[in-house]
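Only one structure is covered here, and it is reproduced in the block below.
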Number of protein chains: 2
Amino acid sequence: MDMNTELRNTCIDTLKHKGPGNACIQCGFRSSIFTKLSDEQFDKLALNKTFANAQKGEIIAKQYSEIKGFIFLRVGLAKLTRLNNDGREQIIGIATPKDFVGLLSIFSSKTYQYNIIAIENSEFCIVDYNLVLELVSTNGDFARTLLEKISQVADLMMETRLELERRQIRGRVAYIICYFANEIYKTTRFDLPVSRREIAELIDMRVENVVRILSEFRRDNIIRIEGTTIEILDQEKLRWIKMHG
Amino acid sequence: MDMNTELRNTCIDTLKHKGPGNACIQCGFRSSIFTKLSDEQFDKLALNKTFANAQKGEIIAKQYSEIKGFIFLRVGLAKLTRLNNDGREQIIGIATPKDFVGLLSIFSSKTYQYNIIAIENSEFCIVDYNLVLELVSTNGDFARTLLEKISQVADLMMETRLELERRQIRGRVAYIICYFANEIYKTTRFDLPVSRREIAELIDMRVENVVRILSEFRRDNIIRIEGTTIEILDQEKLRWIKMHG
DNA sequence: CGCGGCTTTGATGTTCATCAAGTAAAGTGG
DNA sequence: CCACTTTACTTGATGAACATCAAAGCCGCG
C-alpha cells in the first residue's frame, strides 16, 4: 500500500499548493476528463473538491439520496448496486480507480440512481456538482470530452450486461473471474474482493450455484482457491467456458 | 396516416422556407434537444440535414458501419439490435418517434454499435455529425442539454434491461405487452409491430415459450389476439403478472 | 401447387432455484 | 477466554422453469 499513501499525500499537498496546472496530476484526476479545462478553471475545481475515504463495506452514496457531487474514485474498488422491488440486491457494476462513479446517470436526476459501496478500502474526491455544470456551459470542449466519456461508460455497461445475460451460469462465472483477472487486477492470481453472494448478485444467479461452479472449476483444475485468493491455472479452458459455456 | 404525411410535408416545407426559428417545429425536432440553439445555429443545422424513410424491415443503419450522422426518428418504429458472438440476434430496445436513435453510444465510436432496423414504415432525418460536434464545442448550453438527454436515455435503457433480467418469462411477456400498450401506442388495443421471434429476442427467451405464454394469457382471458392485433382485456391481472410473475 | 417463413402445441431433457443441512469462520457478550 | 450467535461457505436432493426437438397448420408468394 506504499503507492496508495504516496498518492494521497500528493493530492492533499496539491490542495495547499494550488500551483496552476500542477494539481492532482499523479492520481489521474485531471487527465480523466478535465484535460480541456484551462489552468484557472481546473484550479477552481481542485479547490472546491473534498477528499474522503471509505472502509471496505462502507456506503459512499445511497440510492435516491441527493447528488452532492461527482465522485472520483482514486484508490480502491466500489460496487454499484440497486434494490429491486422484490427486495433483492442487484449489482450493476464495479468501479475501478480513475473512474467517475455513477457518471452515467448524473445528469438525468437530482438523486443517485444506485448505491455506491466500497468493496475495498477506498479513497475518493468529490467535485462540486454545480461547478461542473457551470463548466459544461462555459467550456464547450470540456462538454465534448464529458460526452465522449459518458458515451464510453454507457457502451461498456450495456455491453457487460448484454454479454452476461446471454450466458449460462458456467459462462457467467468464467466471465467474472476473467473480468477481475484481466480488467481489474491484471494478474492471474488475486484476492477476490467480493463474497460469493456478491458474485451471485453481480451475475444474477444464486449463491449456491456460484459456489457449485467454483468448486467444479477447482475440481477440473481450472482455478485454485485458497481462502479468498483465486489463481487461474488453465486460462485456455477458462476462456473457452467464458465464450461457449 | 393522415397526420404522418402532414408532418412530412411540414418538415420538407421548412427546408425550403428556412425562416429563422420556424423550422421543424411540428415534428418535434427542435424541441427534442435543440432548444438551446440560436436561430442561426438551428437553421444551419436544419439546412444540413437530410430526410429519408425506410420501409418496415429495412435497415436504417448497420452495426459497425461508419456513423454518418444523428438519426432523428420522426414517424414509425425501429428496433436496435446486435449480433452476438454465437450468431443470435439480440434486440436492445425500440426507438419511438422523436427519439434520437442510438444517441447513447454516438460519441464513443466512429461506428454504430447497433443495427437500426425499421419495424414500421418510418421517416427520419439525419443530422450531420460534425456539425453537431461543432455545436457542442461552441454552445455550452446545448452541450448540457445533450448531456441530460443522454443521461436519461442511458438510465432508461439500463432500467429496462435490469427490470427484464430479474423477471421470469410470464413477467417478461407481460412487461412487453404493457410496454407497447402504455409507452408506444397508448391504448389497450394495438397491432403488434414485431413477430413472436422478435419478442423472444427482445426479452431474451425462445419463440416457443413466448407463443406458449401468449396462448396462456389468451386462455385466461387476459388478452385477446386477432391476427397481429392484441387487446388487453384484464389490465389488473396483466399488471400483477408484470410485477410478480 | 409447393416452398419457406411464421406460428402453434406437445414431449422431453437440461439448467437452475429452492430447500435442507452441515461446516467453518468471525464477531459478541459474559 | 469461552459459550453463543451470526454470517459466509459448501454439498446434496428435489422440483420448477425453460430450451430443445419434433410435428403440424397457416399464409403469402413465386
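As shown in the C-alpha cells, the chain order sets the letters A, B, ...; within each chain, residues go from 1, and ligands are also counted from 1 in the order they appear.
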Those in region 37-184 of chain A with helix (DSSP H, G or I) from DSSP, as a ChimeraX atom specification: /A:39-47,103-105,129-138,140-165,169-184
Please identify all polymer residues within 10 Å of Phe217 (chain B), counting only C-alpha atoms (C1' of nucleotides), omitting same-chain residues fewer than 2 positions from it, and present them as a ChimeraX atom specification. /B:170,173-174,211-215,219-225,232-234,237-238
Considering only C-alpha atoms (C1' of nucleotides), give me a table of residues in chain A that are at most 12 Å from chain D, with the closest atom pair and distance in Å for each, as a tab-separated table.
residue	atom	partner	partner_atom	distance
A:Gln168	CA	D:DA19	C1'	11.8
A:Val194	CA	D:DA8	C1'	11.6
A:Ser195	CA	D:DA8	C1'	8.0
A:Arg196	CA	D:DC9	C1'	8.0
A:Arg197	CA	D:DA8	C1'	8.6
A:Glu198	CA	D:DA8	C1'	11.3
A:Val207	CA	D:DC9	C1'	9.3
A:Glu208	CA	D:DT10	C1'	8.0
A:Asn209	CA	D:DT10	C1'	10.4
A:Val210	CA	D:DT10	C1'	10.7
A:Val211	CA	D:DT10	C1'	7.2
A:Arg212	CA	D:DT10	C1'	8.0
A:Ile213	CA	D:DT10	C1'	11.4
A:Leu214	CA	D:DT10	C1'	10.7
A:Ser215	CA	D:DT10	C1'	8.9
A:Glu216	CA	D:DT11	C1'	11.7
A:Gly227	CA	D:DC9	C1'	10.6
A:Thr228	CA	D:DC9	C1'	11.3
I'd like the contact shell of Asp99 (chain A) - 6 Å cut-off, only C-alpha atoms (C1' of nucleotides), skipping same-chain residues fewer than 2 positions apart - returned as number ranges by chain. A: 72-73, 96-97, 101
Spatial neighbours of region 115-130 of chain A, 7 Å, only C-alpha atoms (C1' of nucleotides), chain gap at least 4 places, as an MDAnalysis selection string: chainID A and resid 48:63 68:82 134 193:194
Suppose we keep N, CA and C atoms; can you now write the selection as an mmCIF file, in the first residue's frame?
data_model
loop_
_atom_site.group_PDB
_atom_site.id
_atom_site.type_symbol
_atom_site.label_atom_id
_atom_site.label_comp_id
_atom_site.auth_asym_id
_atom_site.auth_seq_id
_atom_site.Cartn_x
_atom_site.Cartn_y
_atom_site.Cartn_z
ATOM 1 N N ASN A 48 -12.328 23.363 -4.928
ATOM 2 C CA ASN A 48 -13.698 23.108 -4.471
ATOM 3 C C ASN A 48 -14.035 21.624 -4.377
ATOM 4 N N LYS A 49 -13.010 20.810 -4.349
ATOM 5 C CA LYS A 49 -13.307 19.387 -4.180
ATOM 6 C C LYS A 49 -12.916 18.955 -2.770
ATOM 7 N N THR A 50 -13.583 17.935 -2.309
ATOM 8 C CA THR A 50 -13.276 17.428 -0.981
ATOM 9 C C THR A 50 -12.735 16.017 -1.101
ATOM 10 N N PHE A 51 -11.865 15.708 -0.189
ATOM 11 C CA PHE A 51 -11.259 14.392 -0.187
ATOM 12 C C PHE A 51 -11.939 13.539 0.874
ATOM 13 N N ALA A 52 -12.107 12.252 0.584
ATOM 14 C CA ALA A 52 -12.720 11.376 1.576
ATOM 15 C C ALA A 52 -12.255 9.949 1.360
ATOM 16 N N ASN A 53 -12.463 9.132 2.355
ATOM 17 C CA ASN A 53 -12.204 7.717 2.130
ATOM 18 C C ASN A 53 -13.256 6.854 2.809
ATOM 19 N N ALA A 54 -13.295 5.628 2.367
ATOM 20 C CA ALA A 54 -14.318 4.706 2.862
ATOM 21 C C ALA A 54 -13.679 3.350 3.136
ATOM 22 N N GLN A 55 -14.024 2.778 4.272
ATOM 23 C CA GLN A 55 -13.563 1.430 4.571
ATOM 24 C C GLN A 55 -14.361 0.433 3.748
ATOM 25 N N LYS A 56 -13.774 -0.728 3.576
ATOM 26 C CA LYS A 56 -14.478 -1.826 2.892
ATOM 27 C C LYS A 56 -15.856 -2.029 3.506
ATOM 28 N N GLY A 57 -16.885 -2.000 2.696
ATOM 29 C CA GLY A 57 -18.240 -2.203 3.179
ATOM 30 C C GLY A 57 -18.993 -0.913 3.441
ATOM 31 N N GLU A 58 -18.268 0.176 3.517
ATOM 32 C CA GLU A 58 -18.896 1.461 3.822
ATOM 33 C C GLU A 58 -19.678 1.985 2.603
ATOM 34 N N ILE A 59 -20.772 2.674 2.880
ATOM 35 C CA ILE A 59 -21.575 3.242 1.803
ATOM 36 C C ILE A 59 -21.055 4.618 1.423
ATOM 37 N N ILE A 60 -20.695 4.790 0.178
ATOM 38 C CA ILE A 60 -20.185 6.072 -0.296
ATOM 39 C C ILE A 60 -21.335 6.973 -0.714
ATOM 40 N N ALA A 61 -22.327 6.389 -1.356
ATOM 41 C CA ALA A 61 -23.521 7.152 -1.718
ATOM 42 C C ALA A 61 -24.726 6.225 -1.717
ATOM 43 N N LYS A 62 -25.840 6.757 -1.313
ATOM 44 C CA LYS A 62 -27.059 5.959 -1.201
ATOM 45 C C LYS A 62 -27.973 6.214 -2.380
ATOM 46 N N GLN A 63 -28.585 5.150 -2.862
ATOM 47 C CA GLN A 63 -29.589 5.273 -3.914
ATOM 48 C C GLN A 63 -30.690 6.243 -3.457
ATOM 49 N N LYS A 68 -24.508 15.113 -4.361
ATOM 50 C CA LYS A 68 -23.711 16.231 -3.859
ATOM 51 C C LYS A 68 -22.641 16.622 -4.861
ATOM 52 N N GLY A 69 -22.137 15.624 -5.560
ATOM 53 C CA GLY A 69 -21.081 15.947 -6.496
ATOM 54 C C GLY A 69 -20.651 14.768 -7.322
ATOM 55 N N PHE A 70 -19.641 14.989 -8.103
ATOM 56 C CA PHE A 70 -19.053 13.931 -8.917
ATOM 57 C C PHE A 70 -18.062 13.169 -8.053
ATOM 58 N N ILE A 71 -18.203 11.865 -8.039
ATOM 59 C CA ILE A 71 -17.331 11.050 -7.211
ATOM 60 C C ILE A 71 -16.224 10.445 -8.058
ATOM 61 N N PHE A 72 -15.020 10.861 -7.775
ATOM 62 C CA PHE A 72 -13.864 10.330 -8.492
ATOM 63 C C PHE A 72 -13.162 9.325 -7.600
ATOM 64 N N LEU A 73 -13.153 8.078 -8.006
ATOM 65 C CA LEU A 73 -12.505 7.038 -7.204
ATOM 66 C C LEU A 73 -11.012 7.056 -7.472
ATOM 67 N N ARG A 74 -10.228 7.349 -6.428
ATOM 68 C CA ARG A 74 -8.790 7.436 -6.623
ATOM 69 C C ARG A 74 -8.130 6.086 -6.374
ATOM 70 N N VAL A 75 -8.475 5.497 -5.263
ATOM 71 C CA VAL A 75 -7.862 4.231 -4.869
ATOM 72 C C VAL A 75 -8.953 3.317 -4.346
ATOM 73 N N GLY A 76 -8.874 2.043 -4.676
ATOM 74 C CA GLY A 76 -9.820 1.094 -4.124
ATOM 75 C C GLY A 76 -10.748 0.501 -5.163
ATOM 76 N N LEU A 77 -11.859 -0.012 -4.682
ATOM 77 C CA LEU A 77 -12.879 -0.590 -5.555
ATOM 78 C C LEU A 77 -14.246 -0.299 -4.937
ATOM 79 N N ALA A 78 -15.230 -0.108 -5.771
ATOM 80 C CA ALA A 78 -16.583 0.112 -5.265
ATOM 81 C C ALA A 78 -17.584 -0.608 -6.150
ATOM 82 N N LYS A 79 -18.673 -1.021 -5.550
ATOM 83 C CA LYS A 79 -19.724 -1.648 -6.350
ATOM 84 C C LYS A 79 -20.915 -0.708 -6.463
ATOM 85 N N LEU A 80 -21.576 -0.756 -7.605
ATOM 86 C CA LEU A 80 -22.827 -0.028 -7.797
ATOM 87 C C LEU A 80 -23.966 -1.023 -7.663
ATOM 88 N N THR A 81 -24.865 -0.739 -6.768
ATOM 89 C CA THR A 81 -25.965 -1.685 -6.549
ATOM 90 C C THR A 81 -27.298 -0.954 -6.566
ATOM 91 N N ARG A 82 -28.344 -1.736 -6.724
ATOM 92 C CA ARG A 82 -29.665 -1.162 -6.553
ATOM 93 C C ARG A 82 -30.594 -2.213 -5.968
ATOM 94 N N GLU A 134 -21.559 24.329 -14.464
ATOM 95 C CA GLU A 134 -21.159 25.650 -14.952
ATOM 96 C C GLU A 134 -20.078 25.527 -16.020
ATOM 97 N N PRO A 193 -12.336 -9.552 -4.057
ATOM 98 C CA PRO A 193 -12.809 -8.516 -3.148
ATOM 99 C C PRO A 193 -14.281 -8.679 -2.799
ATOM 100 N N VAL A 194 -14.926 -9.628 -3.421
ATOM 101 C CA VAL A 194 -16.361 -9.798 -3.193
ATOM 102 C C VAL A 194 -16.670 -11.196 -2.659
#
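Set the cut-off at 7 Å, count only C-alpha atoms, and the residues of chain B near chain A turn out to be Leu104, Ser105, Ile106, Phe107, Ser108, Val136, Ser137, Thr138, Asn139, Gly140, Asp141, Ala143, Arg144, Leu147, Glu148, Ser151, Gln152, Ala154 and Asp155 of chain B.
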I'd like the neighbourhood of Glu183 (chain B) as a ChimeraX atom specification, where a residue qualifies if any of its atoms comes within 12 Å (using only C-alpha atoms (C1' of nucleotides)), though same-chain residues fewer than 6 positions away should be ignored. /B:94-97,175-177,190
Counting only C-alpha atoms (C1' of nucleotides), chain C residues within 10 Å of chain A, as a ChimeraX atom specification: /C:15-18
Kindly export the residues of the current selection with N, CA and C atoms (P, O5', C5', C4', C3', O3' and C1' of nucleotides), as a JSON list (two decimals), in the first residue's frame.
[["chain", "number", "residue", "atom", "x", "y", "z"],
["C", 15, "DT", "P", -27.22, -28.64, -19.11],
["C", 15, "DT", "O5'", -27.89, -27.38, -18.39],
["C", 15, "DT", "C5'", -28.70, -26.50, -19.15],
["C", 15, "DT", "C4'", -29.34, -25.50, -18.22],
["C", 15, "DT", "C3'", -28.44, -25.03, -17.07],
["C", 15, "DT", "O3'", -28.54, -23.63, -16.99],
["C", 15, "DT", "C1'", -30.47, -25.85, -16.20],
["C", 16, "DC", "P", -27.53, -22.77, -16.09],
["C", 16, "DC", "O5'", -28.44, -22.46, -14.83],
["C", 16, "DC", "C5'", -29.62, -21.69, -15.04],
["C", 16, "DC", "C4'", -30.58, -21.89, -13.89],
["C", 16, "DC", "C3'", -30.03, -21.44, -12.53],
["C", 16, "DC", "O3'", -30.82, -20.36, -12.09],
["C", 16, "DC", "C1'", -31.19, -23.52, -12.40],
["C", 17, "DA", "P", -30.46, -19.58, -10.74],
["C", 17, "DA", "O5'", -31.71, -19.92, -9.82],
["C", 17, "DA", "C5'", -33.01, -19.65, -10.30],
["C", 17, "DA", "C4'", -34.05, -20.17, -9.32],
["C", 17, "DA", "C3'", -33.90, -19.67, -7.89],
["C", 17, "DA", "O3'", -35.19, -19.39, -7.37],
["C", 17, "DA", "C1'", -33.71, -22.05, -7.95],
["C", 18, "DT", "P", -35.35, -18.80, -5.91],
["C", 18, "DT", "O5'", -35.70, -20.06, -5.01],
["C", 18, "DT", "C5'", -36.68, -20.99, -5.48],
["C", 18, "DT", "C4'", -36.67, -22.22, -4.58],
["C", 18, "DT", "C3'", -36.49, -21.93, -3.08],
["C", 18, "DT", "O3'", -37.62, -22.46, -2.40],
["C", 18, "DT", "C1'", -35.10, -23.70, -3.79]]
When DSSP is applied to the backbone of this structure, which of region 43-135 of chain A are assigned strand (DSSP E)? Write them out as a ChimeraX atom specification. /A:49-54,59-61,69-75,78-83,89-95,100-101,115-118,122-128
N, CA and C atoms of the current selection, written as a CSV table (one decimal), in the first residue's frame:
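So selection32.csv came out as:
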chain,number,residue,atom,x,y,z
A,49,LYS,N,-13.0,20.8,-4.3
A,49,LYS,CA,-13.3,19.4,-4.2
A,49,LYS,C,-12.9,19.0,-2.8
A,50,THR,N,-13.6,17.9,-2.3
A,50,THR,CA,-13.3,17.4,-1.0
A,50,THR,C,-12.7,16.0,-1.1
A,51,PHE,N,-11.9,15.7,-0.2
A,51,PHE,CA,-11.3,14.4,-0.2
A,51,PHE,C,-11.9,13.5,0.9
A,52,ALA,N,-12.1,12.3,0.6
A,52,ALA,CA,-12.7,11.4,1.6
A,52,ALA,C,-12.3,9.9,1.4
A,53,ASN,N,-12.5,9.1,2.4
A,53,ASN,CA,-12.2,7.7,2.1
A,53,ASN,C,-13.3,6.9,2.8
A,54,ALA,N,-13.3,5.6,2.4
A,54,ALA,CA,-14.3,4.7,2.9
A,54,ALA,C,-13.7,3.3,3.1
A,59,ILE,N,-20.8,2.7,2.9
A,59,ILE,CA,-21.6,3.2,1.8
A,59,ILE,C,-21.1,4.6,1.4
A,60,ILE,N,-20.7,4.8,0.2
A,60,ILE,CA,-20.2,6.1,-0.3
A,60,ILE,C,-21.3,7.0,-0.7
A,61,ALA,N,-22.3,6.4,-1.4
A,61,ALA,CA,-23.5,7.2,-1.7
A,61,ALA,C,-24.7,6.2,-1.7
A,69,GLY,N,-22.1,15.6,-5.6
A,69,GLY,CA,-21.1,15.9,-6.5
A,69,GLY,C,-20.7,14.8,-7.3
A,70,PHE,N,-19.6,15.0,-8.1
A,70,PHE,CA,-19.1,13.9,-8.9
A,70,PHE,C,-18.1,13.2,-8.1
A,71,ILE,N,-18.2,11.9,-8.0
A,71,ILE,CA,-17.3,11.1,-7.2
A,71,ILE,C,-16.2,10.4,-8.1
A,72,PHE,N,-15.0,10.9,-7.8
A,72,PHE,CA,-13.9,10.3,-8.5
A,72,PHE,C,-13.2,9.3,-7.6
A,73,LEU,N,-13.2,8.1,-8.0
A,73,LEU,CA,-12.5,7.0,-7.2
A,73,LEU,C,-11.0,7.1,-7.5
A,74,ARG,N,-10.2,7.3,-6.4
A,74,ARG,CA,-8.8,7.4,-6.6
A,74,ARG,C,-8.1,6.1,-6.4
A,75,VAL,N,-8.5,5.5,-5.3
A,75,VAL,CA,-7.9,4.2,-4.9
A,75,VAL,C,-9.0,3.3,-4.3
A,78,ALA,N,-15.2,-0.1,-5.8
A,78,ALA,CA,-16.6,0.1,-5.3
A,78,ALA,C,-17.6,-0.6,-6.2
A,79,LYS,N,-18.7,-1.0,-5.5
A,79,LYS,CA,-19.7,-1.6,-6.3
A,79,LYS,C,-20.9,-0.7,-6.5
A,80,LEU,N,-21.6,-0.8,-7.6
A,80,LEU,CA,-22.8,0.0,-7.8
A,80,LEU,C,-24.0,-1.0,-7.7
A,81,THR,N,-24.9,-0.7,-6.8
A,81,THR,CA,-26.0,-1.7,-6.5
A,81,THR,C,-27.3,-1.0,-6.6
A,82,ARG,N,-28.3,-1.7,-6.7
A,82,ARG,CA,-29.7,-1.2,-6.6
A,82,ARG,C,-30.6,-2.2,-6.0
A,83,LEU,N,-31.6,-1.7,-5.3
A,83,LEU,CA,-32.5,-2.6,-4.6
A,83,LEU,C,-33.7,-2.8,-5.5
A,89,GLU,N,-31.0,-7.5,-3.8
A,89,GLU,CA,-29.9,-6.5,-4.2
A,89,GLU,C,-29.3,-6.9,-5.5
A,90,GLN,N,-29.2,-6.0,-6.4
A,90,GLN,CA,-28.6,-6.3,-7.7
A,90,GLN,C,-27.4,-5.4,-7.9
A,91,ILE,N,-26.3,-6.0,-8.3
A,91,ILE,CA,-25.0,-5.3,-8.5
A,91,ILE,C,-25.0,-4.9,-10.0
A,92,ILE,N,-24.9,-3.6,-10.3
A,92,ILE,CA,-24.9,-3.2,-11.7
A,92,ILE,C,-23.5,-3.3,-12.3
A,93,GLY,N,-22.5,-2.9,-11.5
A,93,GLY,CA,-21.2,-2.9,-12.0
A,93,GLY,C,-20.2,-2.6,-10.9
A,94,ILE,N,-18.9,-2.6,-11.3
A,94,ILE,CA,-17.8,-2.3,-10.3
A,94,ILE,C,-17.0,-1.1,-10.8
A,95,ALA,N,-16.8,-0.2,-9.9
A,95,ALA,CA,-16.0,1.0,-10.3
A,95,ALA,C,-14.5,0.7,-9.9
A,100,PHE,N,-15.1,8.0,-12.7
A,100,PHE,CA,-16.1,8.8,-12.1
A,100,PHE,C,-17.3,7.9,-11.9
A,101,VAL,N,-17.5,7.6,-10.6
A,101,VAL,CA,-18.5,6.6,-10.3
A,101,VAL,C,-19.9,7.1,-10.5
A,115,ASN,N,-26.7,2.7,-5.3
A,115,ASN,CA,-25.9,2.7,-4.2
A,115,ASN,C,-24.4,2.6,-4.6
A,116,ILE,N,-23.5,3.3,-4.0
A,116,ILE,CA,-22.1,3.1,-4.3
A,116,ILE,C,-21.5,2.7,-3.0
A,117,ILE,N,-21.0,1.5,-3.0
A,117,ILE,CA,-20.4,0.9,-1.7
A,117,ILE,C,-19.0,0.4,-2.0
A,118,ALA,N,-18.1,0.8,-1.1
A,118,ALA,CA,-16.7,0.3,-1.2
A,118,ALA,C,-16.6,-1.2,-0.9
A,122,SER,N,-11.2,2.5,0.2
A,122,SER,CA,-11.1,3.4,-1.0
A,122,SER,C,-10.9,4.8,-0.6
A,123,GLU,N,-10.3,5.5,-1.5
A,123,GLU,CA,-10.2,7.0,-1.4
A,123,GLU,C,-10.8,7.6,-2.6
A,124,PHE,N,-11.5,8.7,-2.3
A,124,PHE,CA,-12.1,9.4,-3.5
A,124,PHE,C,-12.2,10.9,-3.3
A,125,CYS,N,-12.4,11.6,-4.3
A,125,CYS,CA,-12.6,13.0,-4.3
A,125,CYS,C,-14.0,13.3,-4.8
A,126,ILE,N,-14.7,14.3,-4.1
A,126,ILE,CA,-16.0,14.7,-4.6
A,126,ILE,C,-15.9,16.1,-5.1
A,127,VAL,N,-16.3,16.3,-6.4
A,127,VAL,CA,-16.2,17.5,-7.1
A,127,VAL,C,-17.6,18.2,-7.0
A,128,ASP,N,-17.6,19.4,-6.8
A,128,ASP,CA,-18.9,20.1,-6.7
A,128,ASP,C,-19.7,20.0,-7.9
What separates CA of Thr229 (chain A) and C1' of DG27 (chain C) is a distance of 22.2 Å
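Here CA of Tyr112 (chain A) is placed at a distance of 6.4 Å from CA of Glu66 (chain A).
Atom to atom, CA of Ile241 (chain B) and CA of Ala181 (chain B) stand 15.2 Å apart.
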